[in-house]
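Asker: Below is a structure I'd like to ask you about.
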Amino acid sequence: MTISRPRSARRSLHVHLPPFEQLIDAHARELHRFLVGLVGPTEAEDCLQETYMSALRAYPRLTSTDHLRAWLYTIAHRKATDVVRRRSRRPTSEFDGFEPAAAPAPDPADDGLWAQVRALPAKQRAAVVHRFVLDLAYAEIGERMGTTEEAARQNVRAGLRRLRGEVSP
């Protein structure tokens with residue numbers, strides 16, 4: 001009787017993944033910039049560490065070396081979405097006689113515009129950050145977000161339109 005591993009645990013013998021540390025070193029700086037644009041400087045470091053932990057757990061099960069950078073960005077984007085969701089669930093008024101913890105002081109470099117960017121819907125926020133923080137072309141934005149170039153362009157356009165409405169007098 002032969003015992004085989006489940007299909008999800010199998011990996012092709014022809015896949016040669018680079019060392020995990022090498023992958024992280026190659027993309028750490030730009031991932032951090034991406035997360036700062038999505039969740040702000042105070043949450044970005046924790047979000048980056050959670051991204052690394054999730055990626056490390058999943059790394060041995062990868063079946064392809066194609067698009068490793070996009071794979072990391074997908075994980076980072078999901079972790080940022082989790083942070084935004086948790087932030088929106090925090091109590092904002094008195095609860096059982098206790099005041100909620102005060103939010104951390106804003107970064108002086110954050111002039112309010114990035115706070116508005118972080119308030120955008122997830123797809124628009126990610127597209128705007130990819131375009132204006134990482135200075136990516138729309139085709140690459142679409143690839144990283146798992147959409148078409150045109151969808152990436154539309155998300156950036158919609159995000160900018162919303163920002164203009166919020167910022168303009």
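Just so we're on the same page: first chain in the structure tokens is A, next is B, and so on; residues restart at 1 for each chain, and ligands are numbered from 1 in the order they show up.
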Give me the residues near range 66-73 of chain A as a list in words, where near means some atom within 10 Å (using only C-alpha atoms) and where sequence neighbours in that chain fewer than 3 positions away do not count.
Answerer: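 Non-adjacent residues within range: Leu17, Pro18, Leu23, Ile24, Ala26, His27, Ala28, Glu30, Leu31, Phe34, Leu35, Thr51, Tyr52, Ser54, Ala55, Tyr59, Leu62, Thr63, Ala76, His77, Arg78, Lys79, Glu140, Ile141, Glu143, Arg144, Met145 and Gly146 of chain A.
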Asker: Find, counting only C-alpha atoms, the residue in A:Ala127, A:Ala44, A:Leu56, A:Ala137 that gets nearest to Phe20 in chain A.
Answerer: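 Among the listed residues, A:Leu56 lies closest to Phe20 in chain A.
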Asker: For Val36 in chain A, which residue out of A:Arg118, A:Arg131, A:Arg153, A:Arg164 is the nearest one, using only C-alpha atoms?
Answerer: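 Ranking A:Arg118, A:Arg131, A:Arg153, A:Arg164 by distance to Val36 in chain A, first place goes to A:Arg118.
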Asker: What separation in Å, quoted to one decimal, exists between CA of Ala152 in chain A and CA of Tyr138 in chain A?
Answerer: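 So the two atoms, CA of Ala152 in chain A and CA of Tyr138 in chain A, lie 5.9 Å apart.
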Asker: Between A:Ala151, A:Leu160, A:Arg33, A:Arg61, which one has atoms that come closest to Asp135 in chain A, using only C-alpha atoms?
Answerer: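 Of the candidates, the smallest distance to Asp135 in chain A is held by A:Arg33.
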Asker: Suppose you want the space between CA of Cys47 in chain A and CA of Val83 in chain A; what is it in Å?
Answerer: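 Going from CA of Cys47 in chain A over to CA of Val83 in chain A, I get 7.5 Å.
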Asker: Could you jot down the CA of Thr74 in chain A to CA of Gly37 in chain A separation for me, Å, one decimal place?
Answerer: 14.9 Å
Asker: So, with only C-alpha atoms as the atoms that count, which of A:Arg57, A:Arg85, A:Arg29, A:Arg125 lies closest to Asn155 in chain A?
Answerer: A:Arg125
